[in-house]
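Coordinates as given in my_file-v7.cif (mmCIF, C-alpha atoms; chains and numbers go by the auth columns):
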data_structure
loop_
_atom_site.group_PDB
_atom_site.id
_atom_site.type_symbol
_atom_site.label_atom_id
_atom_site.label_comp_id
_atom_site.label_asym_id
_atom_site.label_seq_id
_atom_site.Cartn_x
_atom_site.Cartn_y
_atom_site.Cartn_z
_atom_site.B_iso_or_equiv
_atom_site.auth_seq_id
_atom_site.auth_asym_id
ATOM 1 C CA MET A 1 0.000 0.000 0.000 0.00 1 A
ATOM 2 C CA THR A 2 1.120 3.442 -0.625 0.00 2 A
ATOM 3 C CA ALA A 3 1.857 5.864 2.156 0.00 3 A
ATOM 4 C CA ALA A 4 -1.139 8.024 1.179 0.00 4 A
ATOM 5 C CA ILE A 5 -3.609 5.123 1.581 0.00 5 A
ATOM 6 C CA LYS A 6 -2.084 4.165 4.956 0.00 6 A
ATOM 7 C CA PHE A 7 -2.392 7.792 6.048 0.00 7 A
ATOM 8 C CA ILE A 8 -6.069 7.936 4.982 0.00 8 A
ATOM 9 C CA ILE A 9 -6.854 4.654 6.799 0.00 9 A
ATOM 10 C CA ARG A 10 -5.169 5.934 9.992 0.00 10 A
ATOM 11 C CA ALA A 11 -7.041 9.237 9.722 0.00 11 A
ATOM 12 C CA LEU A 12 -10.383 7.422 9.317 0.00 12 A
ATOM 13 C CA LYS A 13 -9.670 5.200 12.345 0.00 13 A
ATOM 14 C CA THR A 14 -8.748 8.241 14.422 0.00 14 A
ATOM 15 C CA ALA A 15 -11.888 10.078 13.306 0.00 15 A
ATOM 16 C CA ALA A 16 -14.041 7.050 14.197 0.00 16 A
ATOM 17 C CA ILE A 17 -12.493 6.804 17.663 0.00 17 A
ATOM 18 C CA LEU A 18 -12.921 10.536 18.288 0.00 18 A
ATOM 19 C CA SER A 19 -16.534 10.405 17.082 0.00 19 A
ATOM 20 C CA PHE A 20 -17.282 7.476 19.388 0.00 20 A
ATOM 21 C CA ALA A 21 -15.639 9.282 22.315 0.00 21 A
ATOM 22 C CA ALA A 22 -17.668 12.436 21.639 0.00 22 A
ATOM 23 C CA VAL A 23 -20.943 10.506 21.497 0.00 23 A
ATOM 24 C CA ALA A 24 -20.073 8.571 24.683 0.00 24 A
ATOM 25 C CA PHE A 25 -19.226 11.829 26.484 0.00 25 A
ATOM 26 C CA PHE A 26 -22.496 13.418 25.343 0.00 26 A
ATOM 27 C CA VAL A 27 -24.555 10.424 26.499 0.00 27 A
ATOM 28 C CA CYS A 28 -22.806 10.312 29.897 0.00 28 A
ATOM 29 C CA PHE A 29 -23.197 14.067 30.362 0.00 29 A
ATOM 30 C CA THR A 30 -26.893 13.917 29.458 0.00 30 A
ATOM 31 C CA ILE A 31 -27.543 11.085 31.914 0.00 31 A
ATOM 32 C CA ALA A 32 -25.596 12.859 34.667 0.00 32 A
ATOM 33 C CA TYR A 33 -27.465 16.102 34.020 0.00 33 A
ATOM 34 C CA TYR A 34 -30.821 14.377 34.036 0.00 34 A
ATOM 35 C CA ILE A 35 -30.158 12.493 37.263 0.00 35 A
ATOM 36 C CA PHE A 36 -28.000 14.834 39.324 0.00 36 A
ATOM 37 C CA MET A 37 -28.230 18.418 38.115 0.00 37 A
ATOM 38 C CA LYS A 38 -31.742 19.054 36.837 0.00 38 A
ATOM 39 C CA PRO A 39 -32.505 22.165 38.883 0.00 39 A
ATOM 40 C CA SER A 40 -36.264 21.781 39.121 0.00 40 A
ATOM 41 C CA LYS A 41 -36.165 18.477 40.996 0.00 41 A
ATOM 42 C CA ASN A 42 -35.312 17.925 44.632 0.00 42 A
ATOM 43 C CA LYS A 43 -32.614 15.562 45.868 0.00 43 A
ATOM 44 C CA PHE A 44 -35.173 12.947 46.926 0.00 44 A
ATOM 45 C CA ASP A 45 -36.604 12.740 43.393 0.00 45 A
ATOM 46 C CA ARG A 46 -33.119 12.295 41.932 0.00 46 A
ATOM 47 C CA LEU A 47 -32.252 9.541 44.444 0.00 47 A
ATOM 48 C CA ILE A 48 -35.443 7.645 43.662 0.00 48 A
ATOM 49 C CA GLU A 49 -34.988 8.100 39.900 0.00 49 A
ATOM 50 C CA TRP A 50 -31.457 6.722 40.079 0.00 50 A
ATOM 51 C CA LYS A 51 -32.558 3.735 42.185 0.00 51 A
ATOM 52 C CA TYR A 52 -35.524 3.113 39.852 0.00 52 A
ATOM 53 C CA PHE A 53 -33.330 3.276 36.764 0.00 53 A
ATOM 54 C CA TRP A 54 -30.765 0.907 38.303 0.00 54 A
ATOM 55 C CA GLU A 55 -33.194 -1.677 39.756 0.00 55 A
ATOM 56 C CA LYS A 56 -35.589 -1.653 36.801 0.00 56 A
ATOM 57 C CA ASN A 57 -32.792 -2.382 34.338 0.00 57 A
ATOM 58 C CA ARG A 58 -31.276 -5.065 36.579 0.00 58 A
ATOM 59 C CA ASN A 59 -34.368 -6.912 37.821 0.00 59 A
ATOM 60 C CA GLY A 60 -37.258 -5.913 35.576 0.00 60 A
ATOM 61 C CA GLU A 61 -39.231 -4.590 38.543 0.00 61 A
ATOM 62 C CA CYS A 62 -38.317 -2.151 41.225 0.00 62 A
ATOM 63 C CA ILE A 63 -38.699 -2.356 44.990 0.00 63 A
ATOM 64 C CA ILE A 64 -37.290 0.680 46.751 0.00 64 A
ATOM 65 C CA ASP A 65 -36.352 0.442 50.414 0.00 65 A
ATOM 66 C CA LEU A 66 -36.099 3.994 51.738 0.00 66 A
ATOM 67 C CA ALA A 67 -34.035 2.747 54.681 0.00 67 A
ATOM 68 C CA GLU A 68 -31.304 1.923 52.145 0.00 68 A
ATOM 69 C CA VAL A 69 -31.803 4.931 49.859 0.00 69 A
ATOM 70 C CA ILE A 70 -31.840 7.695 52.497 0.00 70 A
ATOM 71 C CA ASP A 71 -28.329 7.818 53.944 0.00 71 A
ATOM 72 C CA ILE A 72 -29.194 9.608 57.180 0.00 72 A
ATOM 73 C CA GLU A 73 -30.331 8.209 60.501 0.00 73 A
ATOM 74 C CA TRP A 74 -34.121 8.385 60.804 0.00 74 A
ATOM 75 C CA ASP A 75 -36.730 6.574 62.838 0.00 75 A
ATOM 76 C CA SER A 76 -39.979 7.665 61.156 0.00 76 A
ATOM 77 C CA ALA A 77 -41.197 9.456 58.057 0.00 77 A
ATOM 78 C CA LYS A 78 -44.486 11.198 57.387 0.00 78 A
ATOM 79 C CA TYR A 79 -45.959 12.230 54.057 0.00 79 A
ATOM 80 C CA TYR A 80 -48.408 15.124 53.779 0.00 80 A
ATOM 81 C CA ASN A 81 -50.250 16.459 50.778 0.00 81 A
ATOM 82 C CA GLU A 82 -52.640 19.346 50.186 0.00 82 A
ATOM 83 C CA LYS A 83 -55.564 17.454 51.681 0.00 83 A
ATOM 84 C CA TYR A 84 -53.831 17.495 55.083 0.00 84 A
ATOM 85 C CA SER A 85 -51.612 20.588 55.098 0.00 85 A
ATOM 86 C CA SER A 86 -51.775 24.283 54.275 0.00 86 A
ATOM 87 C CA LYS A 87 -52.559 25.517 50.769 0.00 87 A
ATOM 88 C CA ASP A 88 -49.063 27.025 50.466 0.00 88 A
ATOM 89 C CA LEU A 89 -47.422 23.616 50.305 0.00 89 A
ATOM 90 C CA THR A 90 -48.730 20.836 48.113 0.00 90 A
ATOM 91 C CA GLU A 91 -46.632 17.907 49.322 0.00 91 A
ATOM 92 C CA ILE A 92 -43.918 17.320 51.887 0.00 92 A
ATOM 93 C CA LEU A 93 -42.096 14.234 53.111 0.00 93 A
ATOM 94 C CA LEU A 94 -40.496 14.576 56.547 0.00 94 A
ATOM 95 C CA PHE A 95 -37.867 12.192 57.886 0.00 95 A
ATOM 96 C CA MET A 96 -37.622 12.358 61.674 0.00 96 A
ATOM 97 C CA HIS A 97 -35.092 11.182 64.225 0.00 97 A
ATOM 98 C CA ASN A 98 -35.841 11.456 67.964 0.00 98 A
ATOM 99 C CA GLY A 99 -38.686 13.887 67.225 0.00 99 A
ATOM 100 C CA HIS A 100 -36.620 16.251 65.046 0.00 100 A
ATOM 101 C CA VAL A 101 -36.795 16.712 61.280 0.00 101 A
ATOM 102 C CA VAL A 102 -33.502 15.486 59.810 0.00 102 A
ATOM 103 C CA TYR A 103 -34.477 15.615 56.132 0.00 103 A
ATOM 104 C CA SER A 104 -37.408 16.862 54.108 0.00 104 A
ATOM 105 C CA ALA A 105 -38.450 16.786 50.489 0.00 105 A
ATOM 106 C CA GLU A 106 -40.949 19.329 49.225 0.00 106 A
ATOM 107 C CA TRP A 107 -42.943 19.561 46.020 0.00 107 A
ATOM 108 C CA VAL A 108 -44.574 22.810 44.938 0.00 108 A
ATOM 109 C CA PRO A 109 -47.866 23.041 43.045 0.00 109 A
ATOM 110 C CA GLN A 110 -47.584 22.565 39.291 0.00 110 A
ATOM 111 C CA GLU A 111 -49.757 21.219 36.566 0.00 111 A
ATOM 112 C CA TYR A 112 -48.604 17.725 35.722 0.00 112 A
ATOM 113 C CA GLU A 113 -48.187 18.526 32.040 0.00 113 A
ATOM 114 C CA ASN A 114 -45.653 21.288 32.855 0.00 114 A
ATOM 115 C CA SER A 115 -43.868 19.432 35.638 0.00 115 A
ATOM 116 C CA PRO A 116 -40.330 18.113 35.185 0.00 116 A
ATOM 117 C CA GLY A 117 -41.519 14.826 36.689 0.00 117 A
ATOM 118 C CA GLY A 118 -40.456 13.194 39.919 0.00 118 A
ATOM 119 C CA VAL A 119 -41.981 11.025 42.620 0.00 119 A
ATOM 120 C CA ILE A 120 -45.654 10.586 43.472 0.00 120 A
ATOM 121 C CA PHE A 121 -46.726 8.582 46.524 0.00 121 A
ATOM 122 C CA VAL A 122 -49.756 6.372 45.939 0.00 122 A
ATOM 123 C CA TYR A 123 -51.681 5.525 49.092 0.00 123 A
ATOM 124 C CA ASP A 124 -55.076 4.620 50.427 0.00 124 A
ATOM 125 C CA GLU A 125 -57.140 6.968 52.580 0.00 125 A
ATOM 126 C CA GLU A 126 -54.794 7.185 55.567 0.00 126 A
ATOM 127 C CA ILE A 127 -51.866 9.576 55.760 0.00 127 A
ATOM 128 C CA PRO A 128 -48.747 7.497 55.163 0.00 128 A
ATOM 129 C CA THR A 129 -46.368 7.166 58.093 0.00 129 A
ATOM 130 C CA PHE A 130 -43.598 4.667 57.749 0.00 130 A
ATOM 131 C CA TYR A 131 -40.523 3.493 59.620 0.00 131 A
ATOM 132 C CA PRO A 132 -37.196 2.030 58.481 0.00 132 A
ATOM 133 C CA HIS A 133 -38.522 -1.532 58.917 0.00 133 A
ATOM 134 C CA ASN A 134 -41.571 -0.991 56.650 0.00 134 A
ATOM 135 C CA ALA A 135 -40.322 1.642 54.200 0.00 135 A
ATOM 136 C CA LYS A 136 -40.431 -0.645 51.177 0.00 136 A
ATOM 137 C CA PHE A 137 -42.242 0.638 48.111 0.00 137 A
ATOM 138 C CA LYS A 138 -43.067 -0.781 44.726 0.00 138 A
ATOM 139 C CA ALA A 139 -41.907 1.765 42.149 0.00 139 A
ATOM 140 C CA TYR A 140 -43.542 1.895 38.737 0.00 140 A
ATOM 141 C CA LYS A 141 -44.560 4.206 35.938 0.00 141 A
ATOM 142 C CA ASP A 142 -48.122 4.568 34.717 0.00 142 A
ATOM 143 C CA THR A 143 -48.429 5.763 31.153 0.00 143 A
ATOM 144 C CA VAL A 144 -52.180 6.303 30.893 0.00 144 A
ATOM 145 C CA TYR A 145 -51.471 9.902 29.911 0.00 145 A
ATOM 146 C CA ASP A 146 -48.438 11.000 27.886 0.00 146 A
ATOM 147 C CA TYR A 147 -46.988 13.117 30.683 0.00 147 A
ATOM 148 C CA GLU A 148 -47.222 10.386 33.346 0.00 148 A
ATOM 149 C CA ASP A 149 -44.088 8.665 32.042 0.00 149 A
ATOM 150 C CA LYS A 150 -42.156 11.486 33.758 0.00 150 A
ATOM 151 C CA PHE A 151 -43.301 10.337 37.197 0.00 151 A
ATOM 152 C CA ILE A 152 -42.268 7.421 39.375 0.00 152 A
ATOM 153 C CA LEU A 153 -45.151 6.195 41.493 0.00 153 A
ATOM 154 C CA LEU A 154 -44.363 4.705 44.909 0.00 154 A
ATOM 155 C CA LYS A 155 -46.863 2.413 46.630 0.00 155 A
ATOM 156 C CA GLN A 156 -45.974 1.063 50.053 0.00 156 A
ATOM 157 C CA ILE A 157 -45.714 -2.731 50.314 0.00 157 A
ATOM 158 C CA LYS A 158 -47.708 -3.871 53.321 0.00 158 A
#

Exercise: express the given structure as structure tokens:
Amino acid sequence: MTAAIKFIIRALKTAAILSFAAVAFFVCFTIAYYIFMKPSKNKFDRLIEWKYFWEKNRNGECIIDLAEVIDIEWDSAKYYNEKYSSKDLTEILLFMHNGHVVYSAEWVPQEYENSPGGVIFVYDEEIPTFYPHNAKFKAYKDTVYDYEDKFILLKQIK
């Protein structure tokens, strides 16, 4: 082969490697942005999304144990929504330890269609209170409406 052909083959290989690296970087950056840096979601939503993504791809279904996901010491958690709290706050999840709030996640009112997505607790009539020993939830997505694919629904396993 002539030197010119060898040079062209080397240049094409280098271009292919650089193109692959650029695409891989873009994909990794997009995933990292979506999971960790999306400013309109709270930390709790991002933790649950990451756990959902990981477990769903590994096992086909997703059981989330909040005692494993939340890396602080807590002894009870209480979930409130607009039916039980003030009109200024739509939803709040409080993690308590020895009677003090050690972590909270808050969600502000938005129309679902305009929401960035996140976590929605699904529960019966009673206000959910749970403890580290019973903080296991089935996580799933319901795609009845187009926008619902943005949300991860959590239903406590009893």

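Applied to the shown file, the PyMOL selection byres ((chain A and resi 139) around 9) selects the residues Ile48, Tyr52, Lys56, Glu61, Cys62, Ile63, Ile64, Phe137, Lys138, Tyr140, Lys141, Ile152, Leu153, Leu154, Lys155 and Gln156 of chain A.
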
Interatomic distance (Å, one decimal) between atom CA of Ala3 of chain A and atom CA of Phe20 of chain A: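 Between atom CA of Ala3 of chain A and atom CA of Phe20 of chain A the gap is 25.8 Å.
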
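Between atom CA of Ile70 of chain A and atom CA of Val27 of chain A the interatomic distance comes to 27.1 Å.
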
Pairwise distance for atom CA of Tyr80 of chain A and atom CA of Leu66 of chain A, rounded to one decimal in Å: 16.7 Å

Protein/DNA/RNA residues near (-41.7, 11.5, 42.4), cut 10 Å, only C-alpha atoms, as an NGL selection string: :A and (41-42 or 44-49 or 107 or 116-121 or 139 or 150-154)

Of the listed residues A:Ala21, A:Ile157, A:Ala67, A:Cys28, that which approaches Tyr131 of chain A most closely, counting all atoms listed in the file: A:Ala67

Residues matched by the PyMOL selection byres ((chain A and resi 92) around 8), written as a ChimeraX atom specification: /A:79-81,89-91,93-94,104-107

Who sits within 6 Å of Ala77 of chain A, all atoms listed in the file, same chain under 5 positions skipped, as a list in words: Leu94, Phe95, Met96, Thr129 and Phe130 of chain A

Given all atoms listed in the file as the counted atoms, nearest of A:Trp54, A:Phe25, A:Trp74, A:Tyr123 to Gly99 of chain A: A:Trp74
